[in-house]
file final.pdb (PDB, C-alpha atoms, pLDDT in the B column)
ATOM      1  CA  MET A 469     -35.750 -88.690  68.805  1.00 64.00           C
ATOM      2  CA  ASN A 470     -34.374 -86.101  66.389  1.00 76.00           C
ATOM      3  CA  ALA A 471     -31.754 -83.585  67.482  1.00 81.00           C
ATOM      4  CA  GLU A 472     -32.653 -80.910  64.926  1.00 89.00           C
ATOM      5  CA  LYS A 473     -33.785 -77.559  66.309  1.00 93.00           C
ATOM      6  CA  ILE A 474     -36.826 -76.078  64.592  1.00 95.00           C
ATOM      7  CA  LEU A 475     -38.040 -72.498  64.847  1.00 97.00           C
ATOM      8  CA  VAL A 476     -41.790 -72.105  64.273  1.00 97.00           C
ATOM      9  CA  VAL A 477     -42.821 -68.568  63.315  1.00 97.00           C
ATOM     10  CA  GLU A 478     -46.582 -68.188  63.610  1.00 96.00           C
ATOM     11  CA  ASP A 479     -48.613 -65.203  64.834  1.00 94.00           C
ATOM     12  CA  ASP A 480     -51.661 -67.300  65.752  1.00 93.00           C
ATOM     13  CA  GLN A 481     -50.968 -68.816  69.185  1.00 93.00           C
ATOM     14  CA  THR A 482     -53.333 -71.763  68.684  1.00 94.00           C
ATOM     15  CA  THR A 483     -51.766 -72.722  65.355  1.00 92.00           C
ATOM     16  CA  ALA A 484     -48.264 -72.345  66.817  1.00 94.00           C
ATOM     17  CA  LYS A 485     -49.127 -74.709  69.689  1.00 94.00           C
ATOM     18  CA  ILE A 486     -50.671 -77.240  67.293  1.00 92.00           C
ATOM     19  CA  VAL A 487     -47.542 -77.199  65.124  1.00 93.00           C
ATOM     20  CA  GLN A 488     -45.358 -77.529  68.228  1.00 93.00           C
ATOM     21  CA  LEU A 489     -47.390 -80.524  69.460  1.00 93.00           C
ATOM     22  CA  GLN A 490     -47.254 -82.147  66.021  1.00 92.00           C
ATOM     23  CA  LEU A 491     -43.476 -81.682  65.917  1.00 93.00           C
ATOM     24  CA  LEU A 492     -43.096 -83.161  69.405  1.00 92.00           C
ATOM     25  CA  LYS A 493     -45.227 -86.126  68.332  1.00 92.00           C
ATOM     26  CA  LEU A 494     -43.000 -86.546  65.270  1.00 91.00           C
ATOM     27  CA  GLY A 495     -39.923 -86.662  67.531  1.00 91.00           C
ATOM     28  CA  TYR A 496     -38.597 -83.094  67.296  1.00 91.00           C
ATOM     29  CA  PRO A 497     -38.215 -81.844  70.888  1.00 88.00           C
ATOM     30  CA  GLY A 498     -36.096 -78.784  70.013  1.00 88.00           C
ATOM     31  CA  VAL A 499     -38.925 -76.449  69.002  1.00 92.00           C
ATOM     32  CA  SER A 500     -38.938 -72.687  69.603  1.00 94.00           C
ATOM     33  CA  ILE A 501     -41.859 -70.414  68.773  1.00 96.00           C
ATOM     34  CA  ALA A 502     -41.801 -66.803  67.583  1.00 97.00           C
ATOM     35  CA  LYS A 503     -44.908 -64.684  66.984  1.00 96.00           C
ATOM     36  CA  SER A 504     -43.459 -62.018  64.693  1.00 95.00           C
ATOM     37  CA  GLY A 505     -40.694 -61.440  62.203  1.00 95.00           C
ATOM     38  CA  THR A 506     -38.741 -59.360  64.719  1.00 95.00           C
ATOM     39  CA  GLU A 507     -39.026 -62.071  67.387  1.00 96.00           C
ATOM     40  CA  ALA A 508     -38.030 -64.699  64.797  1.00 96.00           C
ATOM     41  CA  ILE A 509     -34.815 -62.808  64.009  1.00 96.00           C
ATOM     42  CA  ALA A 510     -33.949 -62.617  67.721  1.00 96.00           C
ATOM     43  CA  LYS A 511     -34.705 -66.333  68.262  1.00 96.00           C
ATOM     44  CA  ALA A 512     -32.723 -67.329  65.167  1.00 96.00           C
ATOM     45  CA  GLN A 513     -29.740 -65.529  66.635  1.00 95.00           C
ATOM     46  CA  SER A 514     -30.128 -66.955  70.140  1.00 94.00           C
ATOM     47  CA  CYS A 515     -31.094 -70.580  69.446  1.00 92.00           C
ATOM     48  CA  SER A 516     -29.395 -71.275  66.069  1.00 92.00           C
ATOM     49  CA  PRO A 517     -32.175 -73.423  64.582  1.00 95.00           C
ATOM     50  CA  ASP A 518     -31.496 -75.969  61.849  1.00 94.00           C
ATOM     51  CA  LEU A 519     -34.794 -75.199  60.099  1.00 95.00           C
ATOM     52  CA  MET A 520     -37.589 -72.657  60.400  1.00 96.00           C
ATOM     53  CA  LEU A 521     -41.253 -73.180  59.645  1.00 96.00           C
ATOM     54  CA  MET A 522     -42.455 -69.714  58.672  1.00 97.00           C
ATOM     55  CA  ASP A 523     -46.006 -68.457  58.353  1.00 95.00           C
ATOM     56  CA  ILE A 524     -46.144 -65.967  55.495  1.00 93.00           C
ATOM     57  CA  LYS A 525     -48.829 -63.660  56.921  1.00 91.00           C
ATOM     58  CA  LEU A 526     -47.629 -62.448  60.328  1.00 92.00           C
ATOM     59  CA  GLY A 527     -50.016 -59.583  61.036  1.00 84.00           C
ATOM     60  CA  LYS A 528     -48.480 -56.141  61.615  1.00 87.00           C
ATOM     61  CA  GLY A 529     -44.885 -55.426  60.703  1.00 88.00           C
ATOM     62  CA  MET A 530     -42.800 -57.472  58.302  1.00 93.00           C
ATOM     63  CA  ASP A 531     -44.343 -60.527  56.717  1.00 93.00           C
ATOM     64  CA  GLY A 532     -42.868 -64.019  56.845  1.00 95.00           C
ATOM     65  CA  ILE A 533     -41.126 -63.724  53.494  1.00 95.00           C
ATOM     66  CA  GLU A 534     -39.270 -60.576  54.563  1.00 96.00           C
ATOM     67  CA  ALA A 535     -38.334 -62.145  57.914  1.00 96.00           C
ATOM     68  CA  ALA A 536     -37.233 -65.404  56.282  1.00 96.00           C
ATOM     69  CA  LYS A 537     -35.001 -63.556  53.819  1.00 96.00           C
ATOM     70  CA  LEU A 538     -33.315 -61.604  56.611  1.00 96.00           C
ATOM     71  CA  ILE A 539     -32.811 -64.753  58.721  1.00 96.00           C
ATOM     72  CA  MET A 540     -31.510 -66.780  55.774  1.00 94.00           C
ATOM     73  CA  ASP A 541     -29.096 -64.018  54.777  1.00 93.00           C
ATOM     74  CA  GLU A 542     -27.834 -63.331  58.299  1.00 93.00           C
ATOM     75  CA  PHE A 543     -27.972 -66.748  60.015  1.00 93.00           C
ATOM     76  CA  ARG A 544     -28.171 -69.197  57.092  1.00 92.00           C
ATOM     77  CA  VAL A 545     -31.299 -70.927  58.426  1.00 93.00           C
ATOM     78  CA  PRO A 546     -33.315 -72.650  55.669  1.00 94.00           C
ATOM     79  CA  VAL A 547     -37.079 -72.123  55.545  1.00 96.00           C
ATOM     80  CA  VAL A 548     -40.246 -74.100  54.917  1.00 96.00           C
ATOM     81  CA  TYR A 549     -43.254 -71.835  54.478  1.00 95.00           C
ATOM     82  CA  LEU A 550     -46.569 -72.587  56.174  1.00 92.00           C
ATOM     83  CA  THR A 551     -49.490 -70.604  54.840  1.00 86.00           C
ATOM     84  CA  ALA A 552     -53.183 -70.512  54.142  1.00 86.00           C
ATOM     85  CA  TYR A 553     -52.492 -68.177  51.213  1.00 79.00           C
ATOM     86  CA  SER A 554     -51.289 -69.294  47.817  1.00 75.00           C
ATOM     87  CA  ASP A 555     -51.893 -66.500  45.336  1.00 83.00           C
ATOM     88  CA  LYS A 556     -49.458 -66.183  42.436  1.00 87.00           C
ATOM     89  CA  ASP A 557     -47.661 -63.022  43.632  1.00 89.00           C
ATOM     90  CA  LEU A 558     -47.137 -64.414  47.131  1.00 87.00           C
ATOM     91  CA  LEU A 559     -45.857 -67.711  45.761  1.00 87.00           C
ATOM     92  CA  THR A 560     -43.479 -65.865  43.407  1.00 90.00           C
ATOM     93  CA  ARG A 561     -42.074 -63.793  46.299  1.00 91.00           C
ATOM     94  CA  ALA A 562     -41.715 -66.899  48.459  1.00 92.00           C
ATOM     95  CA  MET A 563     -39.962 -68.860  45.707  1.00 91.00           C
ATOM     96  CA  GLU A 564     -37.392 -66.067  45.283  1.00 93.00           C
ATOM     97  CA  THR A 565     -36.083 -66.936  48.763  1.00 93.00           C
ATOM     98  CA  ARG A 566     -35.436 -70.534  47.645  1.00 92.00           C
ATOM     99  CA  PRO A 567     -37.386 -72.314  50.401  1.00 94.00           C
ATOM    100  CA  LEU A 568     -36.993 -76.013  51.105  1.00 94.00           C
ATOM    101  CA  GLY A 569     -40.752 -76.477  51.118  1.00 92.00           C
ATOM    102  CA  TYR A 570     -44.192 -74.886  51.116  1.00 89.00           C
ATOM    103  CA  VAL A 571     -47.094 -76.400  53.107  1.00 90.00           C
ATOM    104  CA  ASN A 572     -50.650 -75.126  52.882  1.00 88.00           C
ATOM    105  CA  LYS A 573     -52.811 -74.723  55.972  1.00 88.00           C
ATOM    106  CA  PRO A 574     -54.671 -76.332  57.514  1.00 87.00           C
ATOM    107  CA  LEU A 575     -51.665 -78.526  58.222  1.00 88.00           C
ATOM    108  CA  ARG A 576     -51.957 -82.268  58.027  1.00 88.00           C
ATOM    109  CA  GLU A 577     -49.487 -84.250  60.084  1.00 88.00           C
ATOM    110  CA  THR A 578     -48.477 -86.366  57.080  1.00 90.00           C
ATOM    111  CA  ASP A 579     -47.717 -83.239  55.010  1.00 91.00           C
ATOM    112  CA  LEU A 580     -45.691 -81.756  57.848  1.00 91.00           C
ATOM    113  CA  ARG A 581     -43.770 -84.993  58.451  1.00 91.00           C
ATOM    114  CA  THR A 582     -42.933 -85.489  54.780  1.00 93.00           C
ATOM    115  CA  THR A 583     -41.980 -81.854  54.151  1.00 93.00           C
ATOM    116  CA  ILE A 584     -39.734 -81.667  57.217  1.00 93.00           C
ATOM    117  CA  ALA A 585     -38.067 -84.983  56.334  1.00 91.00           C
ATOM    118  CA  LEU A 586     -37.418 -83.695  52.811  1.00 91.00           C
ATOM    119  CA  ALA A 587     -36.090 -80.359  54.064  1.00 93.00           C
ATOM    120  CA  LEU A 588     -33.801 -81.945  56.658  1.00 90.00           C
ATOM    121  CA  GLU A 589     -32.448 -84.352  54.052  1.00 90.00           C
ATOM    122  CA  GLN A 590     -31.720 -81.428  51.727  1.00 89.00           C
ATOM    123  CA  ILE A 591     -29.950 -79.601  54.563  1.00 87.00           C
ATOM    124  CA  LYS A 592     -27.585 -82.568  55.001  1.00 85.00           C
ATOM    125  CA  THR A 593     -26.395 -82.129  51.414  1.00 81.00           C
ATOM    126  CA  LEU A 594     -25.837 -78.376  51.759  1.00 70.00           C
ATOM    127  CA  PRO A 595     -22.476 -76.833  52.649  1.00 64.00           C
ATOM    128  CA  SER A 596     -22.023 -75.771  56.268  1.00 57.00           C
ATOM    129  CA  ARG A 597     -23.551 -72.524  57.493  1.00 48.00           C
ATOM    130  CA  GLN A 598     -20.182 -70.840  57.214  1.00 45.00           C
ATOM    131  CA  ASP A 599     -20.307 -71.299  53.439  1.00 49.00           C
ATOM    132  CA  ASP A 600     -22.597 -69.223  51.303  1.00 50.00           C
ATOM    133  CA  ILE A 601     -25.227 -71.875  50.596  1.00 46.00           C
ATOM    134  CA  TYR A 602     -27.483 -69.474  48.720  1.00 48.00           C
ATOM    135  CA  ASP A 603     -24.929 -68.883  45.971  1.00 50.00           C
ATOM    136  CA  ASN A 604     -24.808 -72.569  44.974  1.00 49.00           C
ATOM    137  CA  GLU A 605     -26.358 -73.831  41.794  1.00 50.00           C
ATOM    138  CA  PRO A 606     -30.058 -74.775  42.159  1.00 51.00           C
ATOM    139  CA  ASP A 607     -29.207 -78.353  41.105  1.00 50.00           C
ATOM    140  CA  ASN A 608     -27.417 -78.844  44.432  1.00 52.00           C
ATOM    141  CA  TRP A 609     -30.770 -78.532  46.202  1.00 52.00           C
ATOM    142  CA  LYS A 610     -32.516 -81.500  44.593  1.00 55.00           C
ATOM    143  CA  VAL A 611     -33.541 -84.600  46.515  1.00 58.00           C
ATOM    144  CA  THR A 612     -36.036 -87.247  45.509  1.00 62.00           C
ATOM    145  CA  LEU A 613     -38.262 -88.863  48.117  1.00 60.00           C
ATOM    146  CA  ASN A 614     -40.641 -91.724  47.534  1.00 64.00           C
ATOM    147  CA  CYS A 615     -43.490 -91.987  50.033  1.00 65.00           C
ATOM    148  CA  ASP A 616     -46.207 -94.558  50.601  1.00 67.00           C
ATOM    149  CA  MET A 617     -49.888 -93.553  50.731  1.00 69.00           C
ATOM    150  CA  GLU A 618     -49.622 -92.633  54.452  1.00 70.00           C
ATOM    151  CA  GLY A 619     -46.749 -90.207  53.808  1.00 67.00           C
ATOM    152  CA  ASN A 620     -44.023 -92.471  55.212  1.00 67.00           C
ATOM    153  CA  LEU A 621     -40.656 -92.251  53.481  1.00 65.00           C
ATOM    154  CA  VAL A 622     -39.887 -95.351  51.485  1.00 62.00           C
ATOM    155  CA  ASN A 623     -36.806 -94.276  49.498  1.00 63.00           C
ATOM    156  CA  ILE A 624     -34.486 -91.261  49.520  1.00 61.00           C
ATOM    157  CA  ASN A 625     -32.364 -90.449  46.485  1.00 56.00           C
TER
END
call {"tool": "encode", "arguments": {"input": "final.pdb", "output": "structure tokens"}}
result
Amino acid sequence: MNAEKILVVEDDQTTAKIVQLQLLKLGYPGVSIAKSGTEAIAKAQSCSPDLMLMDIKLGKGMDGIEAAKLIMDEFRVPVVYLTAYSDKDLLTRAMETRPLGYVNKPLRETDLRTTIALALEQIKTLPSRQDDIYDNEPDNWKVTLNCDMEGNLVNIN
């Protein structure tokens, strides 16, 4: 069982529940769900997640990239984006926030497992939340994972 708290930000209730069930199956019981950017900001403040899985398209209001930037700046919570969209402009905007991962929908459990493992390993190497982790050199964010064909971690460098 993993102790990390994960905030899932997804406006589609069915997708949010599927992600939550997949995370529970993968051993992450500390999962909170938010349906909008505004709700995500409130939950980030109240539950202090270690990682957020953020849908980029959140319907009305701010999109996931805007919400992620605000949460990362204010609460220092790293992000992995989950999206069905991957156009160049969207990807460029997302990359400017320096995410720890980017997973395309529909989500496969192996992709989710591998991406979360990579992100959580990167978080371990980052300074504490009290430090300004987003001002560090990009080289401090690199981790190499070797996976077998099923997506299981074989080696972490």
call {"tool": "atom_distance", "arguments": {"input": "final.pdb", "atom1": "atom CA of Pro517 of chain A", "atom2": "atom CA of Val545 of chain A"}}
result
6.7 Å
call {"tool": "residues_around", "arguments": {"input": "final.pdb", "residues": "Asp480 of chain A", "least_positions_apart": "4", "cutoff": "12 Å", "atoms": "only C-alpha atoms", "output": "list in words"}}
result
Val476, Ala484, Lys485, Ile486, Val487, Ile501, Ala502, Lys503, Ser504, Met522, Asp523, Ile524, Lys525, Leu526, Gly527 and Thr551 of chain A
call {"tool": "closest_residue", "arguments": {"input": "final.pdb", "among": "A:Asn470, A:Gln513, A:Gln590, A:Thr483", "to": "Gly498 of chain A", "atoms": "all atoms listed in the file"}}
result
A:Asn470
call {"tool": "closest_residue", "arguments": {"input": "final.pdb", "among": "A:Leu568, A:Cys515, A:Leu494, A:Leu489", "to": "Leu550 of chain A", "atoms": "all atoms listed in the file"}}
result
A:Leu568
call {"tool": "atom_distance", "arguments": {"input": "final.pdb", "atom1": "atom CA of Ala585 of chain A", "atom2": "atom CA of Val499 of chain A"}}
result
15.3 Å
call {"tool": "closest_residue", "arguments": {"input": "final.pdb", "among": "A:Lys537, A:Lys592, A:Arg581, A:Lys473", "to": "Gln490 of chain A", "atoms": "all atoms listed in the file"}}
result
A:Arg581
call {"tool": "closest_residue", "arguments": {"input": "final.pdb", "among": "A:Val477, A:Ile584, A:Ala552, A:Leu559", "to": "Asn572 of chain A", "atoms": "only C-alpha atoms"}}
result
A:Ala552
call {"tool": "closest_residue", "arguments": {"input": "final.pdb", "among": "A:Ser516, A:Pro546, A:Gly505, A:Gly569", "to": "Lys528 of chain A", "atoms": "only C-alpha atoms"}}
result
A:Gly505
call {"tool": "closest_residue", "arguments": {"input": "final.pdb", "among": "A:Leu491, A:Leu558, A:Ile509, A:Leu521", "to": "Leu538 of chain A", "atoms": "all atoms listed in the file"}}
result
A:Ile509
call {"tool": "atom_distance", "arguments": {"input": "final.pdb", "atom1": "atom CA of Arg561 of chain A", "atom2": "atom CA of Thr593 of chain A"}}
result
24.7 Å
